[in-house]
Amino acid sequence: MNAYREDFPFFKAHPDIVYFDNAATTQKPATVIQALIDYYSNDNASVHRSTYTLAQQATDQYEQVRTKVANFIGARDANQILFTKGTTEGLNWIAQGVCRHFLQPGDEIVLSVMEHHSNLVVWQQLANTLDLKLRYIKLTDQQTLDLADAQQKITTKTKVLAITGVSNVLGSSNPICKLSKLIHAVNGLLIVDGAQMVPTMPVDVSQLQIDCLAFSGHKLFGPTGIGVLYATPALLDVLPPAEFGGEMIDQVSLTTTSFQPAPYKFEAGTQNVAGVIGLGAAIDYIQTIGMDKIHAEEQMLGQYLAEQLSNITNVSIYGPADRDSGIVAFNVDQLHAHDVATFLDSNQICVRAGTHCAQPLVNMLEVNATLRASLAFYNSFEECDQLVTAIKAAKEFFSYA
Amino acid sequence: MPDLRHLYQTIMLENAQHPQHSGILTGAKVKKITVHNPTCGDELVLSGVIEHSRLISIAQHSEGCIISRASASIMTELVLENSLDQIQVLAAMFVSLINGHNLANQELLQQAMIFSGVGQFPMRTKCALLPWQALVELVEGDKQ
């Protein structure tokens, strides 16, 4: 068994469970859980508003995490880090802001066909309302992003390229560095959905010249309800707040309001302070392992699982042959993903079944649904073998009729 | 975890493999309802002909899991040639069954009683209910 499991109370509570749904949400190390307990037990006070010592300490803790996140993703300045509820909120804010304030009717937004609904529906709805044009980068026959098609689709009309770093279905990573050059050559913005990428590989927004990056805490071994939106100062200075309320203002009269500078103008109302502190603890934890190591381990697990599954007759694996993450989507011929998932559940194996909030992509794979095992560094080769054995048993079970 | 054999009974597997009343009806009098389960991408097309408040013809085209395919198959066989009033009673009974309630006249559901185990798998109740949801939509509006 994997030594990292010791750090996670969940695995002590469920020693026999094979948890393969990490792309949906990850388990939390004891240090994250303890940070939440400590905060609520000892340090709970209002952030930014109150003047007493305890409030100052809470504010300090909160702001230290902003710096921690900035360092973690290679941002130049902590003020480029906004706290959100999660990836979805971050992408919604940025899409609304960019489309309503920078784009003109007829401008083009380029997405890929592998986007999660959270990086697709918002652009689609805004495009419909504001008369913008959406273009989608296709997949190659190997089910990777078609770079040649990206070169065709990204033109001088393109104002935004919004794309996922790692597909939550195919498990493949997209060449953000190359895409960054393509979109910046036409002076467009690069917006990256980091929900799957940030938890599985090192990401440096400055090096990759990412203009906006959104990700979630709960997929990064942190608490639910907290996320991050990174954006360049050029955007943050110009974009108006997405919400209005307490603490985000500078001066308010009965008829006018001026706002604080970023990031505060985007953080209206009392924030998820405990979530921020938990996120900080999660980053501390994963840095004790290192993102390079996490990436190497998850890649190895994904590769092993995909190979073992492909050895079973009539199992189809989606995504490229060379795995780049622990995400492996697959189907068992003739069996519906939900029936197999129920069978696996009865064998204490947790996988996802369905369309994974990526209906256009799953339709493109010409199936109604897929199974998806998504592994994290705390999973093991033995667990992969358990899944393989259970898939064989499922084939047996459902064939008895 | 309850026994899977209780959930996936032989009759269910047989109906999923060899569904009854399979297809899509055509013609001027045919009413057609398409329903989806967004989490799993399943789709069901239910087509029927209603005359004098009675379902005189029905067909189902189901792309989905064993539970939803079998439910569609068994439901169509059960409700064919029933009055719309009877159909509404059966639909309400089936919902109660899935929700784990004890039914007074359970023999009315005939083979559909095999879905009594689905309630123990809350994540799968939608699959069993999907065809019935389509059926209720199909008969609604035609009922005076």
# chains A, B, ... in the order shown; residues from 1 in each chain; ligands from 1
$ interface_residues --of "chain A" --to "chain B" --cutoff "12 Å" --atoms "only C-alpha atoms" --output "mmCIF file with all heavy atoms, in the first residue's frame"
data_model
loop_
_atom_site.group_PDB
_atom_site.id
_atom_site.type_symbol
_atom_site.label_atom_id
_atom_site.label_comp_id
_atom_site.auth_asym_id
_atom_site.auth_seq_id
_atom_site.Cartn_x
_atom_site.Cartn_y
_atom_site.Cartn_z
ATOM 1 N N GLN A 334 -20.853 -3.570 -24.658
ATOM 2 C CA GLN A 334 -22.189 -4.115 -24.397
ATOM 3 C C GLN A 334 -22.725 -3.757 -23.008
ATOM 4 O O GLN A 334 -23.897 -3.958 -22.739
ATOM 5 C CB GLN A 334 -22.256 -5.656 -24.549
ATOM 6 C CG GLN A 334 -21.744 -6.209 -25.851
ATOM 7 C CD GLN A 334 -22.630 -5.819 -27.028
ATOM 8 O OE1 GLN A 334 -23.821 -5.623 -26.863
ATOM 9 N NE2 GLN A 334 -22.031 -5.685 -28.200
ATOM 10 N N LEU A 335 -21.894 -3.290 -22.143
ATOM 11 C CA LEU A 335 -22.397 -2.967 -20.798
ATOM 12 C C LEU A 335 -22.476 -1.459 -20.639
ATOM 13 O O LEU A 335 -21.604 -0.728 -21.100
ATOM 14 C CB LEU A 335 -21.475 -3.547 -19.720
ATOM 15 C CG LEU A 335 -21.411 -5.070 -19.630
ATOM 16 C CD1 LEU A 335 -20.507 -5.483 -18.489
ATOM 17 C CD2 LEU A 335 -22.811 -5.652 -19.430
ATOM 18 N N HIS A 336 -23.527 -1.037 -19.966
ATOM 19 C CA HIS A 336 -23.676 0.392 -19.725
ATOM 20 C C HIS A 336 -22.815 0.805 -18.526
ATOM 21 O O HIS A 336 -22.719 0.081 -17.532
ATOM 22 C CB HIS A 336 -25.146 0.708 -19.452
ATOM 23 C CG HIS A 336 -25.429 2.176 -19.432
ATOM 24 N ND1 HIS A 336 -25.144 2.963 -18.347
ATOM 25 C CD2 HIS A 336 -25.948 2.999 -20.371
ATOM 26 C CE1 HIS A 336 -25.497 4.218 -18.629
ATOM 27 N NE2 HIS A 336 -25.982 4.256 -19.841
ATOM 28 N N ALA A 337 -22.220 1.989 -18.651
ATOM 29 C CA ALA A 337 -21.301 2.473 -17.612
ATOM 30 C C ALA A 337 -21.945 2.472 -16.217
ATOM 31 O O ALA A 337 -21.281 2.149 -15.226
ATOM 32 C CB ALA A 337 -20.813 3.867 -17.979
ATOM 33 N N HIS A 338 -23.224 2.816 -16.152
ATOM 34 C CA HIS A 338 -23.852 2.892 -14.824
ATOM 35 C C HIS A 338 -24.039 1.522 -14.177
ATOM 36 O O HIS A 338 -23.944 1.389 -12.963
ATOM 37 C CB HIS A 338 -25.184 3.629 -14.910
ATOM 38 C CG HIS A 338 -25.005 5.108 -14.724
ATOM 39 N ND1 HIS A 338 -26.014 5.954 -14.395
ATOM 40 C CD2 HIS A 338 -23.902 5.863 -14.825
ATOM 41 C CE1 HIS A 338 -25.533 7.181 -14.291
ATOM 42 N NE2 HIS A 338 -24.255 7.150 -14.561
ATOM 43 N N ASP A 339 -24.314 0.522 -15.010
ATOM 44 C CA ASP A 339 -24.442 -0.825 -14.453
ATOM 45 C C ASP A 339 -23.085 -1.306 -13.939
ATOM 46 O O ASP A 339 -22.997 -1.887 -12.849
ATOM 47 C CB ASP A 339 -24.983 -1.784 -15.516
ATOM 48 C CG ASP A 339 -26.421 -1.441 -15.909
ATOM 49 O OD1 ASP A 339 -27.214 -1.124 -15.008
ATOM 50 O OD2 ASP A 339 -26.721 -1.474 -17.116
ATOM 51 N N VAL A 340 -22.051 -1.037 -14.709
ATOM 52 C CA VAL A 340 -20.715 -1.451 -14.281
ATOM 53 C C VAL A 340 -20.321 -0.696 -13.004
ATOM 54 O O VAL A 340 -19.769 -1.282 -12.063
ATOM 55 C CB VAL A 340 -19.665 -1.216 -15.398
ATOM 56 C CG1 VAL A 340 -18.280 -1.644 -14.926
ATOM 57 C CG2 VAL A 340 -20.052 -1.969 -16.666
ATOM 58 N N ALA A 341 -20.651 0.596 -12.964
ATOM 59 C CA ALA A 341 -20.295 1.394 -11.785
ATOM 60 C C ALA A 341 -21.004 0.874 -10.532
ATOM 61 O O ALA A 341 -20.413 0.849 -9.441
ATOM 62 C CB ALA A 341 -20.637 2.863 -12.023
ATOM 63 N N THR A 342 -22.256 0.455 -10.680
ATOM 64 C CA THR A 342 -22.980 -0.115 -9.543
ATOM 65 C C THR A 342 -22.318 -1.413 -9.100
ATOM 66 O O THR A 342 -22.163 -1.675 -7.900
ATOM 67 C CB THR A 342 -24.461 -0.348 -9.905
ATOM 68 O OG1 THR A 342 -25.062 0.928 -10.149
ATOM 69 C CG2 THR A 342 -25.219 -1.049 -8.791
ATOM 70 N N PHE A 343 -21.898 -2.212 -10.072
ATOM 71 C CA PHE A 343 -21.196 -3.451 -9.741
ATOM 72 C C PHE A 343 -19.878 -3.145 -9.013
ATOM 73 O O PHE A 343 -19.557 -3.774 -7.995
ATOM 74 C CB PHE A 343 -20.908 -4.260 -11.020
ATOM 75 C CG PHE A 343 -20.255 -5.576 -10.750
ATOM 76 C CD1 PHE A 343 -21.022 -6.707 -10.486
ATOM 77 C CD2 PHE A 343 -18.868 -5.691 -10.719
ATOM 78 C CE1 PHE A 343 -20.415 -7.928 -10.210
ATOM 79 C CE2 PHE A 343 -18.258 -6.906 -10.438
ATOM 80 C CZ PHE A 343 -19.036 -8.019 -10.184
ATOM 81 N N LEU A 344 -19.139 -2.181 -9.519
ATOM 82 C CA LEU A 344 -17.861 -1.818 -8.880
ATOM 83 C C LEU A 344 -18.096 -1.292 -7.470
ATOM 84 O O LEU A 344 -17.346 -1.600 -6.541
ATOM 85 C CB LEU A 344 -17.117 -0.778 -9.724
ATOM 86 C CG LEU A 344 -16.650 -1.249 -11.110
ATOM 87 C CD1 LEU A 344 -16.036 -0.085 -11.893
ATOM 88 C CD2 LEU A 344 -15.643 -2.399 -10.988
ATOM 89 N N ASP A 345 -19.163 -0.514 -7.310
ATOM 90 C CA ASP A 345 -19.512 0.017 -5.990
ATOM 91 C C ASP A 345 -19.744 -1.132 -5.014
ATOM 92 O O ASP A 345 -19.319 -1.072 -3.855
ATOM 93 C CB ASP A 345 -20.766 0.887 -6.132
ATOM 94 C CG ASP A 345 -21.149 1.586 -4.834
ATOM 95 O OD1 ASP A 345 -20.245 1.868 -4.026
ATOM 96 O OD2 ASP A 345 -22.344 1.847 -4.634
ATOM 97 N N SER A 346 -20.394 -2.193 -5.491
ATOM 98 C CA SER A 346 -20.642 -3.340 -4.607
ATOM 99 C C SER A 346 -19.332 -4.062 -4.275
ATOM 100 O O SER A 346 -19.278 -4.857 -3.345
ATOM 101 C CB SER A 346 -21.647 -4.298 -5.242
ATOM 102 O OG SER A 346 -21.041 -5.024 -6.275
ATOM 103 N N ASN A 347 -18.285 -3.758 -5.041
ATOM 104 C CA ASN A 347 -16.953 -4.275 -4.730
ATOM 105 C C ASN A 347 -16.069 -3.201 -4.078
ATOM 106 O O ASN A 347 -14.836 -3.289 -4.121
ATOM 107 C CB ASN A 347 -16.271 -4.775 -6.009
ATOM 108 C CG ASN A 347 -16.833 -6.115 -6.447
ATOM 109 O OD1 ASN A 347 -16.386 -7.152 -6.016
ATOM 110 N ND2 ASN A 347 -17.860 -6.076 -7.282
ATOM 111 N N GLN A 348 -16.724 -2.156 -3.575
ATOM 112 C CA GLN A 348 -16.030 -1.066 -2.868
ATOM 113 C C GLN A 348 -15.038 -0.310 -3.732
ATOM 114 O O GLN A 348 -14.001 0.148 -3.264
ATOM 115 C CB GLN A 348 -15.344 -1.595 -1.614
ATOM 116 C CG GLN A 348 -16.345 -2.190 -0.625
ATOM 117 C CD GLN A 348 -15.779 -2.248 0.763
ATOM 118 O OE1 GLN A 348 -14.898 -3.045 1.027
ATOM 119 N NE2 GLN A 348 -16.254 -1.391 1.640
ATOM 120 N N ILE A 349 -15.367 -0.207 -5.003
ATOM 121 C CA ILE A 349 -14.528 0.586 -5.913
ATOM 122 C C ILE A 349 -15.344 1.778 -6.393
ATOM 123 O O ILE A 349 -16.419 1.605 -6.975
ATOM 124 C CB ILE A 349 -14.052 -0.257 -7.113
ATOM 125 C CG1 ILE A 349 -13.230 -1.461 -6.619
ATOM 126 C CG2 ILE A 349 -13.240 0.586 -8.083
ATOM 127 C CD1 ILE A 349 -12.818 -2.432 -7.713
ATOM 128 N N ARG A 352 -16.425 7.042 -11.454
ATOM 129 C CA ARG A 352 -17.502 7.855 -11.996
ATOM 130 C C ARG A 352 -18.045 7.177 -13.245
ATOM 131 O O ARG A 352 -17.288 6.554 -13.982
ATOM 132 C CB ARG A 352 -16.935 9.234 -12.350
ATOM 133 C CG ARG A 352 -17.900 10.206 -12.951
ATOM 134 C CD ARG A 352 -18.590 11.054 -11.908
ATOM 135 N NE ARG A 352 -19.383 12.090 -12.575
ATOM 136 C CZ ARG A 352 -19.014 13.359 -12.653
ATOM 137 N NH1 ARG A 352 -17.879 13.749 -12.119
ATOM 138 N NH2 ARG A 352 -19.770 14.232 -13.267
ATOM 139 N N ALA A 353 -19.352 7.330 -13.491
ATOM 140 C CA ALA A 353 -19.941 6.855 -14.735
ATOM 141 C C ALA A 353 -20.880 7.924 -15.247
ATOM 142 O O ALA A 353 -21.607 8.538 -14.476
ATOM 143 C CB ALA A 353 -20.724 5.567 -14.501
ATOM 144 N N GLY A 354 -20.836 8.166 -16.529
ATOM 145 C CA GLY A 354 -21.742 9.155 -17.089
ATOM 146 C C GLY A 354 -21.077 9.976 -18.151
ATOM 147 O O GLY A 354 -20.220 9.481 -18.887
ATOM 148 N N THR A 355 -21.478 11.249 -18.217
ATOM 149 C CA THR A 355 -20.942 12.118 -19.270
ATOM 150 C C THR A 355 -19.921 13.113 -18.714
ATOM 151 O O THR A 355 -19.405 13.947 -19.445
ATOM 152 C CB THR A 355 -22.074 12.886 -19.968
ATOM 153 O OG1 THR A 355 -22.881 13.531 -18.973
ATOM 154 C CG2 THR A 355 -22.958 11.945 -20.764
ATOM 155 N N HIS A 356 -19.652 13.039 -17.421
ATOM 156 C CA HIS A 356 -18.559 13.792 -16.799
ATOM 157 C C HIS A 356 -18.619 15.294 -17.078
ATOM 158 O O HIS A 356 -17.580 15.948 -17.218
ATOM 159 C CB HIS A 356 -17.201 13.231 -17.237
ATOM 160 C CG HIS A 356 -17.182 11.737 -17.246
ATOM 161 N ND1 HIS A 356 -17.344 10.998 -16.105
ATOM 162 C CD2 HIS A 356 -17.078 10.854 -18.255
ATOM 163 C CE1 HIS A 356 -17.317 9.716 -16.408
ATOM 164 N NE2 HIS A 356 -17.167 9.594 -17.701
ATOM 165 N N CYS A 357 -19.837 15.841 -17.175
ATOM 166 C CA CYS A 357 -19.993 17.272 -17.466
ATOM 167 C C CYS A 357 -19.249 17.657 -18.736
ATOM 168 O O CYS A 357 -18.709 18.766 -18.844
ATOM 169 C CB CYS A 357 -19.522 18.149 -16.298
ATOM 170 S SG CYS A 357 -20.385 17.820 -14.779
ATOM 171 N N ALA A 358 -19.196 16.742 -19.682
ATOM 172 C CA ALA A 358 -18.549 17.034 -20.963
ATOM 173 C C ALA A 358 -19.346 16.323 -22.059
ATOM 174 O O ALA A 358 -18.816 15.503 -22.798
ATOM 175 C CB ALA A 358 -17.102 16.586 -20.943
ATOM 176 N N GLN A 359 -20.633 16.675 -22.154
ATOM 177 C CA GLN A 359 -21.506 15.969 -23.101
ATOM 178 C C GLN A 359 -21.032 16.065 -24.547
ATOM 179 O O GLN A 359 -21.038 15.054 -25.251
ATOM 180 C CB GLN A 359 -22.945 16.457 -22.962
ATOM 181 C CG GLN A 359 -23.617 15.904 -21.712
ATOM 182 C CD GLN A 359 -25.062 16.376 -21.554
ATOM 183 O OE1 GLN A 359 -25.648 16.954 -22.454
ATOM 184 N NE2 GLN A 359 -25.622 16.144 -20.379
ATOM 185 N N PRO A 360 -20.597 17.242 -25.023
ATOM 186 C CA PRO A 360 -20.148 17.286 -26.427
ATOM 187 C C PRO A 360 -18.999 16.308 -26.691
ATOM 188 O O PRO A 360 -18.989 15.633 -27.722
ATOM 189 C CB PRO A 360 -19.691 18.734 -26.607
ATOM 190 C CG PRO A 360 -20.505 19.507 -25.615
ATOM 191 C CD PRO A 360 -20.629 18.590 -24.423
ATOM 192 N N LEU A 361 -18.056 16.221 -25.763
ATOM 193 C CA LEU A 361 -16.927 15.307 -25.955
ATOM 194 C C LEU A 361 -17.389 13.851 -25.932
ATOM 195 O O LEU A 361 -17.005 13.061 -26.801
ATOM 196 C CB LEU A 361 -15.863 15.549 -24.874
ATOM 197 C CG LEU A 361 -14.712 14.542 -24.854
ATOM 198 C CD1 LEU A 361 -13.907 14.605 -26.156
ATOM 199 C CD2 LEU A 361 -13.784 14.788 -23.667
ATOM 200 N N VAL A 362 -18.214 13.509 -24.951
ATOM 201 C CA VAL A 362 -18.657 12.107 -24.846
ATOM 202 C C VAL A 362 -19.477 11.725 -26.084
ATOM 203 O O VAL A 362 -19.331 10.622 -26.616
ATOM 204 C CB VAL A 362 -19.418 11.876 -23.517
ATOM 205 C CG1 VAL A 362 -20.034 10.483 -23.467
ATOM 206 C CG2 VAL A 362 -18.461 12.057 -22.333
ATOM 207 N N ASN A 363 -20.300 12.653 -26.578
ATOM 208 C CA ASN A 363 -21.029 12.376 -27.827
ATOM 209 C C ASN A 363 -20.064 12.135 -28.979
ATOM 210 O O ASN A 363 -20.302 11.281 -29.828
ATOM 211 C CB ASN A 363 -21.954 13.546 -28.183
ATOM 212 C CG ASN A 363 -23.108 13.647 -27.211
ATOM 213 O OD1 ASN A 363 -23.453 12.680 -26.527
ATOM 214 N ND2 ASN A 363 -23.704 14.828 -27.117
ATOM 215 N N GLU A 366 -18.827 8.910 -29.469
ATOM 216 C CA GLU A 366 -19.904 8.050 -29.979
ATOM 217 C C GLU A 366 -20.390 7.033 -28.949
ATOM 218 O O GLU A 366 -20.627 5.859 -29.258
ATOM 219 C CB GLU A 366 -19.485 7.382 -31.293
ATOM 220 C CG GLU A 366 -19.256 8.430 -32.381
ATOM 221 C CD GLU A 366 -18.826 7.854 -33.702
ATOM 222 O OE1 GLU A 366 -18.255 6.752 -33.713
ATOM 223 O OE2 GLU A 366 -19.059 8.519 -34.713
ATOM 224 N N VAL A 367 -20.491 7.487 -27.715
ATOM 225 C CA VAL A 367 -21.074 6.666 -26.654
ATOM 226 C C VAL A 367 -22.026 7.553 -25.845
ATOM 227 O O VAL A 367 -21.969 8.775 -25.956
ATOM 228 C CB VAL A 367 -19.998 6.067 -25.715
ATOM 229 C CG1 VAL A 367 -19.208 5.000 -26.436
ATOM 230 C CG2 VAL A 367 -19.070 7.133 -25.155
ATOM 231 N N ASN A 368 -22.912 6.915 -25.081
ATOM 232 C CA ASN A 368 -23.810 7.682 -24.219
ATOM 233 C C ASN A 368 -23.125 8.079 -22.924
ATOM 234 O O ASN A 368 -23.476 9.062 -22.291
ATOM 235 C CB ASN A 368 -25.028 6.841 -23.838
ATOM 236 C CG ASN A 368 -26.066 6.868 -24.921
ATOM 237 O OD1 ASN A 368 -25.903 7.565 -25.917
ATOM 238 N ND2 ASN A 368 -27.120 6.106 -24.737
ATOM 239 N N ALA A 369 -22.190 7.254 -22.516
ATOM 240 C CA ALA A 369 -21.566 7.452 -21.212
ATOM 241 C C ALA A 369 -20.260 6.667 -21.191
ATOM 242 O O ALA A 369 -20.058 5.776 -22.014
ATOM 243 C CB ALA A 369 -22.491 6.932 -20.118
ATOM 244 N N THR A 370 -19.394 7.024 -20.261
ATOM 245 C CA THR A 370 -18.200 6.209 -20.050
ATOM 246 C C THR A 370 -18.006 6.000 -18.548
ATOM 247 O O THR A 370 -18.581 6.714 -17.728
ATOM 248 C CB THR A 370 -16.897 6.855 -20.600
ATOM 249 O OG1 THR A 370 -16.413 7.803 -19.650
ATOM 250 C CG2 THR A 370 -17.095 7.519 -21.939
ATOM 251 N N LEU A 371 -17.179 5.032 -18.252
ATOM 252 C CA LEU A 371 -16.668 4.908 -16.883
ATOM 253 C C LEU A 371 -15.423 5.777 -16.810
ATOM 254 O O LEU A 371 -14.769 6.012 -17.824
ATOM 255 C CB LEU A 371 -16.292 3.454 -16.599
ATOM 256 C CG LEU A 371 -17.482 2.517 -16.469
ATOM 257 C CD1 LEU A 371 -17.111 1.124 -16.890
ATOM 258 C CD2 LEU A 371 -18.000 2.531 -15.042
ATOM 259 N N ALA A 394 -17.430 -8.250 -13.446
ATOM 260 C CA ALA A 394 -18.650 -7.570 -13.913
ATOM 261 C C ALA A 394 -19.099 -8.173 -15.243
ATOM 262 O O ALA A 394 -20.290 -8.400 -15.462
ATOM 263 C CB ALA A 394 -18.401 -6.068 -14.069
ATOM 264 N N PHE A 397 -20.731 -11.366 -14.384
ATOM 265 C CA PHE A 397 -22.004 -11.172 -13.684
ATOM 266 C C PHE A 397 -23.128 -10.808 -14.651
ATOM 267 O O PHE A 397 -24.219 -11.360 -14.594
ATOM 268 C CB PHE A 397 -21.854 -10.068 -12.628
ATOM 269 C CG PHE A 397 -23.127 -9.740 -11.900
ATOM 270 C CD1 PHE A 397 -23.520 -10.489 -10.804
ATOM 271 C CD2 PHE A 397 -23.934 -8.684 -12.300
ATOM 272 C CE1 PHE A 397 -24.696 -10.193 -10.121
ATOM 273 C CE2 PHE A 397 -25.108 -8.378 -11.629
ATOM 274 C CZ PHE A 397 -25.488 -9.137 -10.537
ATOM 275 N N PHE A 398 -22.845 -9.859 -15.536
ATOM 276 C CA PHE A 398 -23.909 -9.373 -16.414
ATOM 277 C C PHE A 398 -24.149 -10.284 -17.606
ATOM 278 O O PHE A 398 -25.049 -10.051 -18.389
ATOM 279 C CB PHE A 398 -23.605 -7.946 -16.875
ATOM 280 C CG PHE A 398 -23.775 -6.933 -15.775
ATOM 281 C CD1 PHE A 398 -22.695 -6.233 -15.268
ATOM 282 C CD2 PHE A 398 -25.033 -6.685 -15.234
ATOM 283 C CE1 PHE A 398 -22.850 -5.301 -14.263
ATOM 284 C CE2 PHE A 398 -25.203 -5.753 -14.224
ATOM 285 C CZ PHE A 398 -24.103 -5.065 -13.725
ATOM 286 N N SER A 399 -23.342 -11.319 -17.757
ATOM 287 C CA SER A 399 -23.537 -12.192 -18.921
ATOM 288 C C SER A 399 -24.363 -13.417 -18.572
ATOM 289 O O SER A 399 -24.617 -14.253 -19.410
ATOM 290 C CB SER A 399 -22.180 -12.620 -19.472
ATOM 291 O OG SER A 399 -21.571 -13.483 -18.542
ATOM 292 N N TYR A 400 -24.820 -13.515 -17.283
ATOM 293 C CA TYR A 400 -25.460 -14.771 -16.897
ATOM 294 C C TYR A 400 -26.898 -14.905 -17.400
ATOM 295 O O TYR A 400 -27.452 -15.974 -17.437
ATOM 296 C CB TYR A 400 -25.371 -15.008 -15.388
ATOM 297 C CG TYR A 400 -26.461 -14.399 -14.557
ATOM 298 C CD1 TYR A 400 -27.502 -15.191 -14.059
ATOM 299 C CD2 TYR A 400 -26.453 -13.051 -14.252
ATOM 300 C CE1 TYR A 400 -28.491 -14.622 -13.287
ATOM 301 C CE2 TYR A 400 -27.441 -12.487 -13.486
ATOM 302 C CZ TYR A 400 -28.467 -13.266 -13.004
ATOM 303 O OH TYR A 400 -29.443 -12.711 -12.243
ATOM 304 N N ALA A 401 -27.481 -13.781 -17.829
ATOM 305 C CA ALA A 401 -28.883 -13.839 -18.274
ATOM 306 C C ALA A 401 -29.014 -14.635 -19.576
ATOM 307 O O ALA A 401 -28.139 -14.582 -20.403
ATOM 308 C CB ALA A 401 -29.406 -12.439 -18.489
#
$ residues_around --residues "B:Leu44" --least-positions-apart "2" --cutoff "12 Å" --atoms "only C-alpha atoms" --output "PyMOL selection string"
(chain A and resi 368) or (chain B and resi 22-24+32-38+41-42+46-47+59-65+68-73+127-135)
$ select_by_dssp --residues "stretch 39-266 of chain A" --states "strand (DSSP E or B)" --output "MDAnalysis selection string"
chainID A and resid 81:84 108:112 133:137 139 145 158:164 166 173 189:193 212:216 227:231 249:252 257:259
$ atom_distance --atom1 "atom CA of B:Leu80" --atom2 "atom CA of B:Leu7"
25.0 Å
$ select_by_dssp --residues "stretch 249-346 of chain A" --states "helix (DSSP H, G or I)" --output "number ranges by chain"
A: 264-266, 273-289, 291-310, 337-346
$ residues_around --residues "stretch 242-255 of chain A" --least-positions-apart "2" --cutoff "7 Å" --atoms "only C-alpha atoms" --output "PDB file with C-alpha atoms, in the first residue's frame"
ATOM      1  CA  TRP A  93     -16.527  35.775 -13.654  1.00  0.00           C
ATOM      2  CA  PRO A 240     -15.494  45.563 -12.963  1.00  0.00           C
ATOM      3  CA  THR A 257     -19.552  53.984  -5.242  1.00  0.00           C
ATOM      4  CA  SER A 258     -15.832  53.687  -5.847  1.00  0.00           C
ATOM      5  CA  PHE A 259     -14.139  50.352  -5.430  1.00  0.00           C
ATOM      6  CA  GLN A 260     -11.019  48.933  -3.868  1.00  0.00           C
ATOM      7  CA  TYR A 264     -10.413  43.131  -3.027  1.00  0.00           C
ATOM      8  CA  LYS A 265     -12.932  44.595  -5.431  1.00  0.00           C
ATOM      9  CA  PHE A 266     -13.751  41.018  -6.483  1.00  0.00           C
ATOM     10  CA  GLU A 267     -14.214  39.675  -2.969  1.00  0.00           C
ATOM     11  CA  ALA A 268     -17.567  41.096  -1.887  1.00  0.00           C
ATOM     12  CA  GLY A 269     -18.991  40.118   1.481  1.00  0.00           C
TER      13      GLY A 269
END
$ residues_around --residues "stretch 108-113 of chain B" --least-positions-apart "6" --cutoff "8 Å" --atoms "only C-alpha atoms" --output "number ranges by chain"
B: 71, 74-75, 78, 90, 93-94, 97
$ residues_around --residues "A:Lys293" --least-positions-apart "6" --cutoff "12 Å" --atoms "only C-alpha atoms" --output "ChimeraX atom specification"
/A:199-202,286-287,299-300,376-378
$ residues_around --residues "B:Ala91" --least-positions-apart "4" --cutoff "8 Å" --atoms "only C-alpha atoms" --output "number ranges by chain"
B: 87, 95, 132, 136
$ residues_around --residues "B:Leu84" --least-positions-apart "4" --cutoff "8 Å" --atoms "only C-alpha atoms" --output "number ranges by chain"
B: 53-55, 88, 139, 143
$ write_last_selection --atoms "N, CA and C atoms" --output "PDB file, in the first residue's frame"
ATOM      1  N   SER B  53     -59.391   7.937 -24.571  1.00  0.00           N
ATOM      2  CA  SER B  53     -58.782   7.857 -23.229  1.00  0.00           C
ATOM      3  C   SER B  53     -58.187   6.482 -22.924  1.00  0.00           C
ATOM      4  N   ARG B  54     -57.677   5.839 -23.945  1.00  0.00           N
ATOM      5  CA  ARG B  54     -57.066   4.532 -23.763  1.00  0.00           C
ATOM      6  C   ARG B  54     -55.792   4.470 -24.618  1.00  0.00           C
ATOM      7  N   LEU B  55     -54.755   3.866 -24.058  1.00  0.00           N
ATOM      8  CA  LEU B  55     -53.493   3.738 -24.793  1.00  0.00           C
ATOM      9  C   LEU B  55     -53.603   2.497 -25.678  1.00  0.00           C
ATOM     10  N   GLN B  88     -52.321   6.306 -14.862  1.00  0.00           N
ATOM     11  CA  GLN B  88     -51.874   7.252 -13.833  1.00  0.00           C
ATOM     12  C   GLN B  88     -51.784   6.584 -12.468  1.00  0.00           C
ATOM     13  N   VAL B 139     -49.298  10.768 -21.512  1.00  0.00           N
ATOM     14  CA  VAL B 139     -50.747  10.695 -21.283  1.00  0.00           C
ATOM     15  C   VAL B 139     -51.319  12.026 -20.782  1.00  0.00           C
ATOM     16  N   LYS B 143     -55.703  13.446 -21.078  1.00  0.00           N
ATOM     17  CA  LYS B 143     -56.664  13.040 -20.064  1.00  0.00           C
ATOM     18  C   LYS B 143     -57.599  14.215 -19.785  1.00  0.00           C
TER      19      LYS B 143
END
